[in-house]
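Undergrad: Take this structure first; my questions come after.
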Amino acid sequence: MEPSFDRPAELAVFALHTVLFPGAHLALQVFEERYLGLMDEVLPDGRFVIAAIRRGQEVGGPAETYRIGVVVGVEDYEASTDGSFRLQVFAGERVALIERLPDHAPFPRWRVEPFPDEGGAGTDDLEAAGRALRAYLEATGDRDRPVLPHDPVAASWAIAAAVPGLVPARQALLEVAGAGERLRQAREVFDAEARLVRALGSGSAGADPVVNPN
């Protein structure tokens with residue numbers, strides 16, 4: 001079931017050096033004490049927020065996150081004999097982190113509100129971004145092409161997830177208000193990266209790692 005809600009809520013926040021987009025799947029390896037406490041709360045079928053780190057550390061220290069993240073649900077998990085967990089999570093809707101609540105647990109908890117998409121996208125926008133994505137993947141030699149959903153908003157998120165870049169650039173794409181503008185920005189990045197790769201004669205990509213340790 002897609003993790004979503006339409007009203008303010010109080011949710012735990014998991015900080016990563018990764019930007020997760022709605023509709024994406026992510027594997028997590030959880031071993032840090034503060035987040036093991038979070039596991040006690042959300043497993044087996046709870047939800048929490050993943051937000052990218054603006055400043056700070058992913059492990060062993062404090063982290064300041066961006067104020068826009070995604071609410072995730074646990075698809076599957078496995079407990080290891082050393083007390084750690086491996087999770088597979090699925091990202092639902094964007095949320096805005098409004099207020100950090102007084103610390104009462106080893107992990108941060110925030111009051112969050114839905115951050116819905118504003119404005120749709122036309123067929124021309126989607127087709128142009130899809131062509132740019134295919135040209136970029138051809139230039140980099142990447143044969144793993146994402147299957148785009150029929151819904152333009154969902155497709156815009158799938159395309160955004162394929163955009164190469166560091167955390168600040170990908171976070172900016174997560175925060176774009178609507179699908180049409182998100183597709184336009186993604187197309188511009190794909191076009192620029194494809195030209196660069198062709199000029200250099202070799203491929204490079206900025207994909208996130210498959211498994212993220214906390």
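In the structure tokens, the first chain shown is A, the next is B, and so on; residue numbers restart at 1 for each chain, and ligands run from 1 in the order shown.
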Just want the 9 Å neighbourhood of Arg7 in chain A, counted on only C-alpha atoms, with same-chain residues fewer than 5 positions away dropped. Output as a PyMOL selection string.
TA: chain A and resi 112-114
Undergrad: Write down as a ChimeraX atom specification the residues of range 29-111 of chain A whose backbone DSSP state falls under strand (DSSP E or B).
TA: /A:29-30,47-56,63-65,68-79,85-100,109-111
Undergrad: Can you write out the residues you just picked, keeping N, CA and C atoms, as a CSV table (one decimal), in the first residue's frame?
TA:
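Output saved as part-v8.csv:
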```csv
chain,number,residue,atom,x,y,z
A,29,GLN,N,20.2,-0.3,5.1
A,29,GLN,CA,20.8,-1.1,6.1
A,29,GLN,C,20.8,-0.3,7.4
A,30,VAL,N,20.1,-0.7,8.4
A,30,VAL,CA,19.9,0.1,9.6
A,30,VAL,C,20.7,-0.6,10.8
A,47,ARG,N,5.2,3.9,9.0
A,47,ARG,CA,5.7,4.8,8.0
A,47,ARG,C,6.6,5.8,8.6
A,48,PHE,N,7.5,6.4,7.9
A,48,PHE,CA,8.4,7.4,8.4
A,48,PHE,C,8.8,8.3,7.2
A,49,VAL,N,9.6,9.3,7.5
A,49,VAL,CA,10.0,10.2,6.4
A,49,VAL,C,11.5,10.0,6.1
A,50,ILE,N,11.9,10.0,4.9
A,50,ILE,CA,13.3,10.1,4.5
A,50,ILE,C,13.5,11.5,3.9
A,51,ALA,N,14.5,12.2,4.5
A,51,ALA,CA,14.9,13.5,4.1
A,51,ALA,C,16.4,13.6,3.8
A,52,ALA,N,16.8,14.3,2.8
A,52,ALA,CA,18.3,14.4,2.5
A,52,ALA,C,19.0,15.4,3.5
A,53,ILE,N,20.2,15.1,3.7
A,53,ILE,CA,21.0,15.9,4.7
A,53,ILE,C,21.6,17.1,3.9
A,54,ARG,N,21.3,18.3,4.5
A,54,ARG,CA,21.9,19.5,4.1
A,54,ARG,C,23.3,19.7,4.6
A,55,ARG,N,23.4,19.5,5.9
A,55,ARG,CA,24.7,19.6,6.6
A,55,ARG,C,24.7,18.5,7.7
A,56,GLY,N,25.9,18.0,7.9
A,56,GLY,CA,26.0,17.0,9.0
A,56,GLY,C,26.4,15.6,8.5
A,63,ALA,N,22.6,15.8,12.2
A,63,ALA,CA,22.4,16.1,10.8
A,63,ALA,C,21.3,17.1,10.6
A,64,GLU,N,21.5,18.1,9.8
A,64,GLU,CA,20.4,19.1,9.5
A,64,GLU,C,19.9,18.6,8.1
A,65,THR,N,18.6,18.4,8.0
A,65,THR,CA,18.0,17.9,6.8
A,65,THR,C,17.4,19.1,6.0
A,68,ILE,N,12.1,19.4,2.8
A,68,ILE,CA,11.2,18.7,1.9
A,68,ILE,C,11.7,17.3,1.8
A,69,GLY,N,10.9,16.3,2.1
A,69,GLY,CA,11.3,14.9,2.0
A,69,GLY,C,10.1,14.1,1.4
A,70,VAL,N,10.2,12.8,1.6
A,70,VAL,CA,9.1,11.9,1.2
A,70,VAL,C,8.7,10.9,2.4
A,71,VAL,N,7.4,10.6,2.4
A,71,VAL,CA,7.0,9.6,3.4
A,71,VAL,C,7.1,8.3,2.8
A,72,VAL,N,7.7,7.3,3.6
A,72,VAL,CA,7.9,6.0,3.0
A,72,VAL,C,7.3,4.9,3.9
A,73,GLY,N,7.0,3.8,3.2
A,73,GLY,CA,6.4,2.6,3.9
A,73,GLY,C,7.4,1.5,3.7
A,74,VAL,N,7.3,0.6,4.7
A,74,VAL,CA,8.2,-0.6,4.6
A,74,VAL,C,7.6,-1.7,3.8
A,75,GLU,N,8.3,-2.1,2.7
A,75,GLU,CA,7.8,-3.2,1.9
A,75,GLU,C,8.2,-4.6,2.4
A,76,ASP,N,9.4,-4.6,2.9
A,76,ASP,CA,10.0,-5.9,3.4
A,76,ASP,C,11.1,-5.6,4.3
A,77,TYR,N,11.4,-6.5,5.3
A,77,TYR,CA,12.5,-6.2,6.2
A,77,TYR,C,13.1,-7.6,6.7
A,78,GLU,N,14.3,-7.5,7.1
A,78,GLU,CA,14.9,-8.7,7.7
A,78,GLU,C,15.8,-8.3,8.8
A,79,ALA,N,15.7,-9.0,9.9
A,79,ALA,CA,16.5,-8.7,11.1
A,79,ALA,C,17.7,-9.6,11.1
A,85,PHE,N,19.1,-4.2,10.8
A,85,PHE,CA,18.0,-4.6,9.9
A,85,PHE,C,18.3,-4.2,8.5
A,86,ARG,N,17.8,-5.0,7.6
A,86,ARG,CA,17.8,-4.6,6.2
A,86,ARG,C,16.3,-4.4,5.8
A,87,LEU,N,16.1,-3.2,5.2
A,87,LEU,CA,14.7,-2.8,4.8
A,87,LEU,C,14.6,-2.5,3.3
A,88,GLN,N,13.5,-2.8,2.8
A,88,GLN,CA,13.1,-2.3,1.5
A,88,GLN,C,11.9,-1.3,1.7
A,89,VAL,N,12.1,-0.1,1.3
A,89,VAL,CA,11.1,0.9,1.5
A,89,VAL,C,10.6,1.4,0.1
A,90,PHE,N,9.3,2.0,0.1
A,90,PHE,CA,8.7,2.6,-1.0
A,90,PHE,C,8.3,4.0,-0.7
A,91,ALA,N,8.7,4.9,-1.6
A,91,ALA,CA,8.4,6.3,-1.3
A,91,ALA,C,7.1,6.7,-1.9
A,92,GLY,N,6.3,7.3,-1.0
A,92,GLY,CA,5.0,7.8,-1.4
A,92,GLY,C,5.0,9.3,-1.7
A,93,GLU,N,4.2,10.1,-1.0
A,93,GLU,CA,4.1,11.5,-1.3
A,93,GLU,C,5.2,12.4,-0.7
A,94,ARG,N,5.4,13.6,-1.4
A,94,ARG,CA,6.3,14.6,-0.8
A,94,ARG,C,5.6,15.1,0.5
A,95,VAL,N,6.5,15.5,1.4
A,95,VAL,CA,6.0,16.2,2.6
A,95,VAL,C,6.9,17.3,3.0
A,96,ALA,N,6.4,18.3,3.7
A,96,ALA,CA,7.2,19.4,4.2
A,96,ALA,C,7.4,19.2,5.7
A,97,LEU,N,8.6,19.4,6.1
A,97,LEU,CA,8.9,19.3,7.5
A,97,LEU,C,8.7,20.7,8.1
A,98,ILE,N,7.7,20.8,9.0
A,98,ILE,CA,7.2,22.0,9.5
A,98,ILE,C,7.9,22.4,10.8
A,99,GLU,N,7.9,21.5,11.8
A,99,GLU,CA,8.4,21.8,13.1
A,99,GLU,C,9.0,20.5,13.7
A,100,ARG,N,10.3,20.7,14.2
A,100,ARG,CA,10.8,19.5,14.9
A,100,ARG,C,10.3,19.5,16.3
A,109,ARG,N,11.8,13.6,15.4
A,109,ARG,CA,10.4,13.5,15.0
A,109,ARG,C,10.0,14.9,14.6
A,110,TRP,N,9.2,15.0,13.5
A,110,TRP,CA,8.8,16.3,13.0
A,110,TRP,C,7.3,16.3,12.8
A,111,ARG,N,6.7,17.5,12.9
A,111,ARG,CA,5.3,17.7,12.4
A,111,ARG,C,5.5,17.9,10.9
```
Undergrad: Output as CSV one row per residue of range 46-141 of chain A within 12 Å of range 191-200 of chain A: the closest atom pair and its distance in Å to one decimal place, counting only C-alpha atoms, sorted by chain and residue number ascending.
TA:
```
residue,atom,partner,partner_atom,distance
A:Ala128,CA,A:Asp191,CA,10.6
A:Ala129,CA,A:Asp191,CA,9.4
A:Gly130,CA,A:Asp191,CA,11.2
A:Arg131,CA,A:Asp191,CA,9.6
A:Ala132,CA,A:Asp191,CA,6.0
A:Leu133,CA,A:Asp191,CA,8.1
A:Arg134,CA,A:Ala194,CA,9.8
A:Ala135,CA,A:Ala194,CA,6.9
A:Tyr136,CA,A:Ala194,CA,4.7
A:Leu137,CA,A:Ala194,CA,8.0
A:Glu138,CA,A:Ala194,CA,8.4
A:Ala139,CA,A:Ala194,CA,5.7
A:Thr140,CA,A:Val197,CA,6.7
A:Gly141,CA,A:Val197,CA,10.0
```
Undergrad: Those same residues, written as a short mmCIF file (atom, residue, chain, number, x, y, z; two decimals), in the first residue's frame with N, CA and C atoms?
TA:
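File produced: part.cif:
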```
data_model
loop_
_atom_site.label_atom_id
_atom_site.label_comp_id
_atom_site.auth_asym_id
_atom_site.auth_seq_id
_atom_site.Cartn_x
_atom_site.Cartn_y
_atom_site.Cartn_z
N ALA A 128 8.97 15.12 -24.66
CA ALA A 128 10.27 15.79 -24.83
C ALA A 128 11.26 15.33 -23.76
N ALA A 129 10.79 15.22 -22.52
CA ALA A 129 11.68 14.75 -21.45
C ALA A 129 12.08 13.30 -21.66
N GLY A 130 11.13 12.50 -22.15
CA GLY A 130 11.43 11.10 -22.42
C GLY A 130 12.48 10.94 -23.52
N ARG A 131 12.39 11.76 -24.54
CA ARG A 131 13.40 11.72 -25.62
C ARG A 131 14.77 12.14 -25.09
N ALA A 132 14.79 13.17 -24.25
CA ALA A 132 16.06 13.63 -23.70
C ALA A 132 16.68 12.57 -22.80
N LEU A 133 15.84 11.88 -22.03
CA LEU A 133 16.33 10.80 -21.18
C LEU A 133 16.93 9.68 -22.02
N ARG A 134 16.24 9.29 -23.07
CA ARG A 134 16.75 8.21 -23.93
C ARG A 134 18.07 8.61 -24.58
N ALA A 135 18.16 9.85 -25.02
CA ALA A 135 19.41 10.32 -25.65
C ALA A 135 20.55 10.33 -24.64
N TYR A 136 20.26 10.72 -23.41
CA TYR A 136 21.29 10.72 -22.37
C TYR A 136 21.76 9.31 -22.07
N LEU A 137 20.82 8.37 -21.94
CA LEU A 137 21.19 6.99 -21.64
C LEU A 137 21.98 6.37 -22.80
N GLU A 138 21.61 6.70 -24.01
CA GLU A 138 22.37 6.21 -25.17
C GLU A 138 23.79 6.76 -25.15
N ALA A 139 23.93 8.03 -24.79
CA ALA A 139 25.26 8.64 -24.75
C ALA A 139 26.14 8.01 -23.68
N THR A 140 25.53 7.65 -22.54
CA THR A 140 26.31 7.06 -21.45
C THR A 140 26.47 5.56 -21.59
N GLY A 141 25.77 4.96 -22.54
CA GLY A 141 25.85 3.52 -22.72
C GLY A 141 25.04 2.74 -21.71
#
```
Undergrad: Tell me, as a list of chain:residue names, which residues lie within 8 Å of range 160-170 of chain A, counting only C-alpha atoms; anything in the same chain fewer than 5 positions away does not count.
TA: A:His17, A:Thr18, A:Val19, A:Leu20, A:Phe21, A:Ala24, A:Ala52, A:Arg54, A:Leu133, A:Arg182, A:Leu183, A:Ala186, A:Val189, A:Phe190, A:Ala205, A:Gly206, A:Ala207
Undergrad: Could you take the residues named above and write them with N, CA and C atoms, as a PDB file, in the first residue's frame?
TA:
```pdb
ATOM      1  N   HIS A  17      22.237  10.903   3.024  1.00  0.00           N
ATOM      2  CA  HIS A  17      22.903  11.675   1.975  1.00  0.00           C
ATOM      3  C   HIS A  17      22.372  11.229   0.612  1.00  0.00           C
ATOM      4  N   THR A  18      21.078  11.122   0.507  1.00  0.00           N
ATOM      5  CA  THR A  18      20.403  10.636  -0.690  1.00  0.00           C
ATOM      6  C   THR A  18      19.081  11.367  -0.823  1.00  0.00           C
ATOM      7  N   VAL A  19      18.735  11.756  -2.041  1.00  0.00           N
ATOM      8  CA  VAL A  19      17.421  12.333  -2.321  1.00  0.00           C
ATOM      9  C   VAL A  19      16.539  11.228  -2.890  1.00  0.00           C
ATOM     10  N   LEU A  20      15.438  10.960  -2.217  1.00  0.00           N
ATOM     11  CA  LEU A  20      14.500   9.939  -2.660  1.00  0.00           C
ATOM     12  C   LEU A  20      13.284  10.628  -3.262  1.00  0.00           C
ATOM     13  N   PHE A  21      12.866  10.148  -4.433  1.00  0.00           N
ATOM     14  CA  PHE A  21      11.725  10.740  -5.130  1.00  0.00           C
ATOM     15  C   PHE A  21      10.480   9.868  -4.969  1.00  0.00           C
ATOM     16  N   ALA A  24       9.837   5.851  -5.830  1.00  0.00           N
ATOM     17  CA  ALA A  24      11.103   5.106  -5.859  1.00  0.00           C
ATOM     18  C   ALA A  24      11.146   4.054  -4.757  1.00  0.00           C
ATOM     19  N   ALA A  52      16.836  14.305   2.818  1.00  0.00           N
ATOM     20  CA  ALA A  52      18.256  14.410   2.500  1.00  0.00           C
ATOM     21  C   ALA A  52      18.952  15.352   3.473  1.00  0.00           C
ATOM     22  N   ARG A  54      21.318  18.250   4.548  1.00  0.00           N
ATOM     23  CA  ARG A  54      21.894  19.502   4.061  1.00  0.00           C
ATOM     24  C   ARG A  54      23.293  19.718   4.636  1.00  0.00           C
ATOM     25  N   LEU A 133      15.837  11.880 -22.031  1.00  0.00           N
ATOM     26  CA  LEU A 133      16.333  10.803 -21.175  1.00  0.00           C
ATOM     27  C   LEU A 133      16.932   9.680 -22.019  1.00  0.00           C
ATOM     28  N   ARG A 182       9.199  20.452 -13.611  1.00  0.00           N
ATOM     29  CA  ARG A 182      10.152  19.393 -13.265  1.00  0.00           C
ATOM     30  C   ARG A 182      10.647  18.691 -14.539  1.00  0.00           C
ATOM     31  N   LEU A 183       9.749  18.413 -15.457  1.00  0.00           N
ATOM     32  CA  LEU A 183      10.130  17.767 -16.712  1.00  0.00           C
ATOM     33  C   LEU A 183      11.031  18.680 -17.542  1.00  0.00           C
ATOM     34  N   ALA A 186      14.485  18.658 -15.938  1.00  0.00           N
ATOM     35  CA  ALA A 186      15.137  17.370 -16.174  1.00  0.00           C
ATOM     36  C   ALA A 186      15.640  17.288 -17.609  1.00  0.00           C
ATOM     37  N   VAL A 189      18.883  19.152 -18.069  1.00  0.00           N
ATOM     38  CA  VAL A 189      20.036  18.447 -17.517  1.00  0.00           C
ATOM     39  C   VAL A 189      20.446  17.299 -18.427  1.00  0.00           C
ATOM     40  N   PHE A 190      19.483  16.516 -18.890  1.00  0.00           N
ATOM     41  CA  PHE A 190      19.804  15.401 -19.784  1.00  0.00           C
ATOM     42  C   PHE A 190      20.502  15.901 -21.050  1.00  0.00           C
ATOM     43  N   ALA A 205      27.858   8.597 -14.702  1.00  0.00           N
ATOM     44  CA  ALA A 205      26.511   8.799 -14.178  1.00  0.00           C
ATOM     45  C   ALA A 205      26.583   9.116 -12.702  1.00  0.00           C
ATOM     46  N   GLY A 206      25.539   9.806 -12.203  1.00  0.00           N
ATOM     47  CA  GLY A 206      25.519  10.202 -10.797  1.00  0.00           C
ATOM     48  C   GLY A 206      24.463   9.495 -10.002  1.00  0.00           C
ATOM     49  N   ALA A 207      24.242   8.207 -10.305  1.00  0.00           N
ATOM     50  CA  ALA A 207      23.183   7.474  -9.640  1.00  0.00           C
ATOM     51  C   ALA A 207      23.511   7.253  -8.173  1.00  0.00           C
TER      52      ALA A 207
END
```
Undergrad: Give me, please, the distance in Å between CA of Glu118 in chain A and CA of Ala15 in chain A, quoted to one decimal.
TA: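 Computed distance, CA of Glu118 in chain A to CA of Ala15 in chain A, equals 25.7 Å.
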Undergrad: Mind giving me the straight-line distance from CA of Pro108 in chain A to CA of Val13 in chain A in Å, one decimal?
TA: 5.7 Å
Undergrad: With DSSP run on the backbone, what are the alpha helix (DSSP H) residues within range 17-211 of chain A? I'd like them as a PyMOL selection string.
TA: chain A and resi 33-42+123-140+152-161+167-174+179-200
Undergrad: Give me the residues near Asp151 in chain A as a PyMOL selection string, where near means some atom within 10 Å (using only C-alpha atoms) and where sequence neighbours in that chain fewer than 5 positions away do not count.
TA: chain A and resi 120-121+126+156
Undergrad: I'd like to know which of A:Arg67, A:Glu32, A:Pro102, A:Gly180 is closest to Ala155 in chain A, using only C-alpha atoms.
TA: A:Gly180
Undergrad: Select, from A:Gly37, A:Gly178, A:Pro22, A:Pro44, the residue with the minimum atom-to-atom distance to Ala105 in chain A, counting only C-alpha atoms.
TA: A:Gly37
Undergrad: Using only C-alpha atoms, can you tell me which of A:Thr123, A:Gln57, A:Ser84, A:Gln185 comes closest to His150 in chain A?
TA: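 Nearest to His150 in chain A: A:Thr123.
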